[in-house]
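The data block below is model-v6.txt; it holds compact mmCIF, C-alpha atoms.
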# COMPACT_ATOMS: atom_id res chain seq x y z
CA MET A 1400 -20.29 40.16 121.34
CA LYS A 1401 -18.04 38.67 124.00
CA ASP A 1402 -14.97 36.64 123.05
CA ASN A 1403 -16.42 33.39 124.38
CA ASN A 1404 -19.47 33.84 122.15
CA LYS A 1405 -17.26 34.46 119.13
CA LYS A 1406 -15.36 31.23 119.82
CA ALA A 1407 -18.66 29.36 119.94
CA LEU A 1408 -19.50 30.39 116.37
CA THR A 1409 -18.93 27.80 113.66
CA LEU A 1410 -19.65 27.81 109.96
CA LYS A 1411 -22.90 25.96 110.66
CA THR A 1412 -24.11 28.62 113.11
CA LEU A 1413 -22.92 31.55 111.01
CA ASN A 1414 -25.42 33.96 109.46
CA LYS A 1415 -25.33 37.39 107.83
CA SER A 1416 -25.89 39.10 111.17
CA ASN A 1417 -23.52 37.39 113.62
CA VAL A 1418 -20.73 37.26 111.02
CA TRP A 1419 -20.20 40.97 111.76
CA ASP A 1420 -19.08 40.01 115.27
CA LEU A 1421 -16.05 38.20 113.87
CA GLN A 1422 -12.62 39.46 112.88
CA GLU A 1423 -10.32 38.26 110.10
CA SER A 1424 -8.48 35.79 112.35
CA ASP A 1425 -11.82 34.26 113.36
CA ILE A 1426 -12.68 33.62 109.70
CA PHE A 1427 -9.43 31.74 109.10
CA ARG A 1428 -10.07 29.71 112.26
CA ILE A 1429 -13.62 28.59 111.48
CA LEU A 1430 -12.75 27.81 107.87
CA GLU A 1431 -9.86 25.61 109.00
CA THR A 1432 -12.06 23.89 111.58
CA GLY A 1433 -14.74 23.19 108.99
CA GLU A 1434 -12.38 21.54 106.51
CA LYS A 1435 -12.88 18.14 108.12
CA ASP A 1436 -16.69 18.32 108.03
CA ALA A 1437 -18.15 16.63 104.95
CA ASP A 1438 -21.42 18.60 105.17
CA ILE A 1439 -19.50 21.87 105.14
CA LYS A 1440 -17.42 20.79 102.16
CA ASP A 1441 -20.58 20.14 100.17
CA ASN A 1442 -21.95 23.60 101.02
CA ILE A 1443 -18.78 25.68 101.20
CA ARG A 1444 -20.06 28.14 98.58
CA HIS A 1445 -23.04 28.91 100.78
CA TYR A 1446 -20.82 29.64 103.80
CA MET A 1447 -18.45 31.72 101.69
CA ASP A 1448 -21.38 33.88 100.53
CA ILE A 1449 -22.25 34.57 104.16
CA ILE A 1450 -18.66 35.49 104.97
CA LYS A 1451 -18.39 37.72 101.90
CA SER A 1452 -21.40 39.74 103.08
CA ALA A 1453 -19.15 41.16 105.82
CA PHE A 1454 -15.62 40.52 104.55
CA GLU A 1455 -13.64 41.17 101.40
CA ILE A 1456 -11.76 38.07 100.25
CA GLU A 1457 -9.13 38.31 97.52
CA GLU A 1458 -7.02 35.45 96.23
CA ILE A 1459 -3.32 36.28 96.12
CA LYS A 1460 -2.18 34.79 92.82
CA ILE A 1461 1.35 36.21 92.95
CA ASP A 1462 2.90 35.13 96.22
CA ARG A 1463 5.78 37.55 96.54
CA PRO A 1464 6.77 39.66 99.58
CA GLU A 1465 6.15 42.98 97.81
CA ILE A 1466 2.64 41.85 96.80
CA ILE A 1467 1.86 40.61 100.32
CA ASN A 1468 3.04 43.94 101.75
CA LYS A 1469 0.64 45.84 99.49
CA TYR A 1470 -2.29 43.76 100.68
CA GLU A 1471 -1.32 44.21 104.32
CA ALA A 1472 -0.99 47.98 103.77
CA ARG A 1473 -4.63 47.94 102.63
CA GLY A 1474 -5.67 46.26 105.87
CA PHE A 1475 -5.89 42.64 104.67
CA LYS A 1476 -4.93 39.72 106.87
CA ILE A 1477 -3.11 37.01 104.93
CA GLY A 1478 -3.68 33.28 105.29
CA THR A 1479 -4.55 30.11 103.42
CA ILE A 1480 -7.95 28.46 102.97
CA ARG A 1481 -9.26 25.42 101.12
CA ILE A 1482 -12.19 25.74 98.72
CA ASP A 1483 -13.90 22.58 97.48
CA ASP A 1484 -11.38 19.74 97.10
CA SER A 1485 -8.75 21.88 95.43
CA GLN A 1486 -5.43 22.69 97.01
CA ARG A 1487 -5.15 25.38 99.62
CA VAL A 1488 -4.92 28.91 98.27
CA LYS A 1489 -3.46 32.05 99.82
CA VAL A 1490 -5.98 34.84 100.32
CA GLY A 1491 -6.29 38.23 101.91
CA ILE A 1492 -9.33 38.85 104.15
CA LYS A 1493 -10.50 42.26 105.35
CA LYS A 1494 -13.68 43.22 107.16
CA ARG A 1495 -15.86 45.51 105.08
CA PRO A 1496 -15.68 49.06 106.47
CA ILE A 1497 -18.81 50.95 107.48
CA LEU A 1498 -18.00 54.48 106.36
CA ARG A 1499 -21.14 55.79 104.67
CA VAL A 1500 -24.82 55.59 105.50
CA THR A 1501 -25.25 53.39 102.43
CA ASP A 1502 -22.98 50.81 104.13
CA LEU A 1503 -25.57 50.35 106.89
CA THR A 1504 -27.77 47.27 106.71
CA TYR A 1505 -30.27 45.51 108.97
CA GLU A 1506 -27.59 42.83 109.49
CA ASN A 1507 -24.77 45.13 110.67
CA ILE A 1508 -26.62 48.01 112.34
CA ARG A 1509 -26.50 46.40 115.80
CA HIS A 1510 -22.80 45.63 115.43
CA ILE A 1511 -21.57 49.23 115.56
CA SER A 1512 -21.49 51.65 118.49
CA ALA A 1513 -23.54 54.81 118.80
CA ALA A 1514 -20.30 56.81 118.48
CA LYS A 1515 -19.52 55.02 115.21
CA LEU A 1516 -23.04 55.72 113.97
CA MET A 1517 -22.58 59.43 114.69
CA GLU A 1518 -19.39 59.42 112.60
CA VAL A 1519 -21.18 57.77 109.69
CA ILE A 1520 -24.10 60.23 109.78
CA ASP A 1521 -21.70 63.17 110.06
CA ARG A 1522 -20.06 62.09 106.79
CA ASN A 1523 -23.39 62.39 104.99
CA PHE A 1524 -22.63 65.91 103.76
CA GLY A 1525 -23.65 67.41 107.11
CA GLY A 1526 -27.30 67.38 106.11
CA GLY A 1527 -28.71 66.11 109.39
CA TRP A 1528 -31.34 63.49 110.11
CA ASP A 1529 -33.84 64.66 107.49
CA SER A 1530 -31.20 64.34 104.77
CA LEU A 1531 -31.24 60.55 105.22
CA SER A 1532 -33.58 58.51 103.07
CA GLN A 1533 -36.51 56.82 104.79
CA SER A 1534 -34.98 53.39 104.17
CA ILE A 1535 -31.73 54.40 105.90
CA GLN A 1536 -33.67 55.92 108.81
CA ASP A 1537 -35.60 52.66 109.19
CA ILE A 1538 -32.37 50.64 109.27
CA ILE A 1539 -30.84 52.93 111.91
CA GLN A 1540 -33.96 52.92 114.07
CA SER A 1541 -34.09 49.13 113.99
CA GLY A 1542 -30.96 49.16 116.14
CA PHE A 1543 -30.90 52.55 117.85
CA ASP A 1544 -33.21 54.86 119.75
CA ILE A 1545 -33.05 58.18 117.90
CA SER A 1546 -34.17 61.65 118.99
CA THR A 1547 -33.54 65.00 117.33
CA THR A 1548 -33.98 68.65 118.21
CA THR A 1549 -33.03 71.92 116.52
CA LEU A 1550 -32.42 74.95 118.75
CA PRO A 1551 -30.48 78.22 118.75
CA LYS A 1552 -26.84 77.77 119.73
CA ASP A 1553 -27.26 79.51 123.08
CA ARG A 1554 -30.31 77.41 124.00
CA LEU A 1555 -29.14 73.91 123.09
CA HIS A 1556 -27.02 73.36 126.21
CA LYS A 1557 -29.48 75.00 128.60
CA PRO A 1558 -29.23 73.34 132.05
CA GLY A 1559 -32.00 70.81 132.56
CA GLY A 1560 -32.87 70.76 128.87
CA MET A 1561 -33.17 67.89 126.43
CA TYR A 1562 -29.44 67.83 125.63
CA GLU A 1563 -28.39 67.44 129.25
CA LYS A 1564 -31.05 64.79 129.96
CA LYS A 1565 -30.19 62.69 126.92
CA VAL A 1566 -26.45 62.69 127.60
CA ALA A 1567 -27.12 61.73 131.23
CA ASP A 1568 -29.26 58.84 129.95
CA GLY A 1569 -26.36 57.41 127.94
CA PHE A 1570 -27.09 58.86 124.50
CA ASP A 1571 -24.31 59.85 122.12
CA VAL A 1572 -24.94 63.16 120.38
CA LEU A 1573 -24.01 64.69 117.05
CA GLU A 1574 -24.29 68.47 116.68
CA ILE A 1575 -24.82 69.80 113.15
CA PRO A 1576 -24.54 73.60 112.75
CA LYS A 1577 -27.29 75.20 110.69
CA GLY A 1578 -26.59 78.91 110.67
CA ALA A 1579 -27.48 80.36 114.06
CA TRP A 1580 -29.18 77.09 114.99
CA ILE A 1581 -27.88 73.61 115.76
CA GLU A 1582 -29.50 70.27 115.04
CA ALA A 1583 -28.69 67.70 117.70
CA ILE A 1584 -29.11 64.00 116.88
CA PHE A 1585 -29.16 61.66 119.88
CA ALA A 1586 -28.53 57.92 119.49
CA LYS A 1587 -28.48 55.00 121.90
CA LEU A 1588 -28.21 51.30 121.06
CA LYS A 1589 -31.46 49.49 121.75
CA PRO A 1590 -31.30 46.58 124.19
CA GLU A 1591 -31.69 43.19 122.57
CA VAL A 1592 -35.10 41.67 123.13
CA GLU A 1593 -35.49 37.93 122.88
CA LYS A 1594 -38.39 36.85 120.73
CA PRO A 1595 -40.91 34.77 122.66
CA HIS A 1596 -41.09 31.13 121.66
CA VAL A 1597 -44.62 30.11 120.78
CA THR A 1598 -45.56 26.51 121.48
CA VAL A 1599 -48.63 24.86 120.03
CA ASP A 1600 -50.56 22.22 121.92
CA ASN A 1601 -51.59 19.79 119.19
CA ASP A 1602 -54.16 18.12 121.44
CA LYS A 1603 -55.96 21.42 121.94
CA ASP A 1604 -55.82 22.10 118.22
CA ASP A 1605 -57.43 18.74 117.54
CA ASP A 1606 -60.19 19.47 120.04
CA PHE A 1607 -60.80 22.86 118.47
CA ASN A 1608 -61.10 21.38 115.00
CA ASN A 1609 -63.27 18.48 116.12
CA GLU A 1610 -66.69 18.49 114.52
CA GLU A 1611 -68.30 18.00 117.92
CA ASN A 1612 -67.16 21.50 118.90
CA GLU A 1613 -68.42 23.27 115.79
CA ASP A 1614 -71.66 24.35 117.46
CA GLU A 1615 -70.09 25.57 120.68
CA ASP A 1616 -70.76 29.22 121.45
CA LEU A 1617 -67.70 31.40 121.17
CA PRO A 1618 -67.22 34.16 123.76
CA GLU A 1619 -68.44 37.56 122.64
CA ILE A 1620 -65.84 40.25 122.22
CA ASP A 1621 -66.81 43.82 122.95
CA ASP A 1622 -66.28 46.02 119.93
CA ASN A 1623 -65.21 49.40 121.21
CA TYR A 1624 -63.60 50.48 117.99
CA ASN A 1625 -66.19 53.17 117.26
CA ASP A 1626 -66.76 54.27 120.84
CA ASP A 1627 -66.61 58.04 121.25
CA ASP A 1628 -64.90 57.59 124.61
CA ASP A 1629 -61.65 56.46 122.95
CA ASP A 1630 -60.55 60.02 122.39
CA ASP A 1631 -60.71 60.64 126.14
CA ALA A 1632 -57.86 58.15 126.68
CA PHE A 1633 -55.32 60.58 125.28
CA ASP A 1634 -53.39 62.15 128.12
CA ASP A 1635 -51.89 65.56 127.39
CA ASP A 1636 -49.76 65.26 130.53
CA LYS A 1637 -47.76 62.50 128.83
CA LEU A 1638 -46.39 64.83 126.16
CA THR A 1639 -42.63 64.97 126.51
CA GLU A 1640 -39.88 66.92 124.86
CA GLU A 1641 -38.99 63.90 122.75
CA SER A 1642 -42.58 63.68 121.39
CA TYR A 1643 -42.04 66.37 118.81
CA ARG A 1644 -39.29 68.07 116.84
CA THR A 1645 -38.21 71.47 118.14
CA THR A 1646 -38.51 73.99 115.34
CA ILE A 1647 -39.27 77.20 117.28
CA GLU A 1648 -37.02 79.44 119.34
CA GLU A 1649 -38.80 78.68 122.61
CA ASP A 1650 -37.37 75.70 124.49
CA PRO A 1651 -40.06 72.98 124.74
CA ALA A 1652 -38.98 72.44 128.33
CA ASP A 1653 -40.38 75.92 129.16
CA LEU A 1654 -43.85 75.14 127.78
CA ASP A 1655 -46.52 74.39 130.39
CA LEU A 1656 -48.92 71.91 128.83
CA THR A 1657 -51.18 71.26 131.80
CA ALA A 1658 -54.69 70.00 131.53
CA ASP A 1659 -56.07 73.22 133.14
CA ASP A 1660 -54.38 75.41 130.52
CA VAL A 1661 -55.84 73.33 127.71
CA ALA A 1662 -59.28 73.58 129.26
CA ASP A 1663 -59.00 77.37 129.56
CA GLU A 1664 -58.09 77.66 125.89
CA GLU A 1665 -61.11 75.58 124.90
CA ASP A 1666 -63.40 77.86 126.96
CA GLU A 1667 -62.19 80.86 124.96
CA TYR A 1668 -63.72 79.38 121.84
Would you write the structure of this file as structure tokens?
Amino acid sequence: MKDNNKKALTLKTLNKSNVWDLQESDIFRILETGEKDADIKDNIRHYMDIIKSAFEIEEIKIDRPEIINKYEARGFKIGTIRIDDSQRVKVGIKKRPILRVTDLTYENIRHISAAKLMEVIDRNFGGGWDSLSQSIQDIIQSGFDISTTTLPKDRLHKPGGMYEKKVADGFDVLEIPKGAWIEAIFAKLKPEVEKPHVTVDNDKDDDFNNEENEDEDLPEIDDNYNDDDDDDAFDDDKLTEESYRTTIEEDPADLDLTADDVADEEDEY
């Protein structure tokens, strides 16, 4: 998120997703700004819970230089905050690190880069994509486009192949050796899509629910669910290298899946 967007955030607009855009200094700033707001004072515990979902906060009970130095060595930023109507207290605040796949959540997944994601996956014992639980895969794919392929070492970087195309398209890649083969995991942050705002016309709703309209004929909807022609809509020409996982020695890019070839194979039967 850009700096001007971070400055626009206040405690009242903070949630468990955008809080990951902030840094320690931002937390001290918005807490100080909110001290004069009576509504915030009454709900400070709620806002602190949101902050603690992304930041570690530790009260410094012994305010001595050697103690402060230890906190700073651990990455904490030191400052003072006010909780409830009590006096200000000195605390250390540090953003929670994302080091393991278990640190990934739906709230923070869009707040890391693809390169950072590759580092996190690589720390998962080098097991590759299939070593991740389904829940972790779902979290990752909520924020990133993911593709994988497993090929022999000498085939992975073949000119014009999947690896070259993905890198050219802006994907980060993680290569995981598996004997004489290599699994390549490609990741690219998904663009943010704004959710459409649905407006309801109350006047139309009233007309629809009016008893005078109960007998009106509704338009018929064709039911093509069981039509046999649905199967014909599948287009073999649309199969791409990303549509399947490469598990054979042949490069999928060398396969010729044309409609004529498929027809010839069917004639043989």
| Among the residues A:Leu1588, A:Ile1426, A:Ile1466, A:Ile1459, the one that comes closest to A:Leu1516 [using all atoms listed in the file] |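 With all atoms listed in the file as the atom set, the closest residue is A:Leu1588.
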| request: Within 9 Å of stretch 1529-1546 of chain A, counting all atoms listed in the file, which residues show up once you throw out same-chain ones fewer than 6 positions away? Write them as a PyMOL selection string, please. | output: chain A and resi 1500-1501+1503-1505+1508-1510+1513+1516+1520+1523+1565+1570+1583-1591+1641-1642+1644
| Residues near A:Val1418, cut-off 12 Å, only C-alpha atoms, skip fewer than 3 positions along chain, as a PyMOL selection string | chain A and resi 1400+1404-1406+1408-1415+1421-1423+1425-1426+1429+1446-1454+1494-1495+1506-1507+1509-1510
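Taking atom CA of A:Lys1469 and atom CA of A:Phe1427 as endpoints, the distance between them is 19.8 Å.
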| Within 9 Å of A:Glu1518 using only C-alpha atoms, minus same-chain residues under 6 positions, as a list in words |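 Contacts, with the query itself left out: Leu1498, Arg1499 and Leu1573 of chain A.
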| field | Selected residue of minimal separation from A:Pro1496 among A:Trp1419, A:Met1561, A:Pro1576, A:Thr1479, counting all atoms listed in the file | value | A:Trp1419
| said: As an exercise, work out the distance from atom CA of A:Gly1478 to atom CA of A:Gly1433 in Å and give it to one decimal place. | reply: 15.4 Å
| Which neighbours of A:Ala1472 fall inside 12 Å, counting only C-alpha atoms, when residues of the same chain fewer than 6 positions from it are skipped, and could you give them as JSON, numbers by chain? | {"A": [1465, 1466, 1491, 1493]}
Now that the selection is made, can you save its residues with C-alpha atoms as an mmCIF file, in the frame of the given file?
data_model
loop_
_atom_site.group_PDB
_atom_site.id
_atom_site.type_symbol
_atom_site.label_atom_id
_atom_site.label_comp_id
_atom_site.auth_asym_id
_atom_site.auth_seq_id
_atom_site.Cartn_x
_atom_site.Cartn_y
_atom_site.Cartn_z
ATOM 1 C CA GLU A 1465 6.150 42.980 97.810
ATOM 2 C CA ILE A 1466 2.640 41.850 96.800
ATOM 3 C CA GLY A 1491 -6.290 38.230 101.910
ATOM 4 C CA LYS A 1493 -10.500 42.260 105.350
#
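Shortest atom-to-atom contact with A:Arg1463 among A:Lys1557, A:His1445, A:Arg1481, A:Lys1489: A:Lys1489, counting only C-alpha atoms.
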| field | Nearby residues (all atoms listed in the file) at most 6 Å from A:Leu1550, same-chain spacing under 2 positions excluded, as a ChimeraX atom specification | value | /A:1555,1580-1581
| By how many Å are atom CA of A:Arg1554 and atom CA of A:Gly1569 apart? |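 Separation of atom CA of A:Arg1554 and atom CA of A:Gly1569: 20.8 Å.
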| field | Distance criterion (only C-alpha atoms): nearest to A:Glu1457 out of A:Val1490, A:Arg1444, A:Thr1549, A:Arg1473 | value | A:Val1490
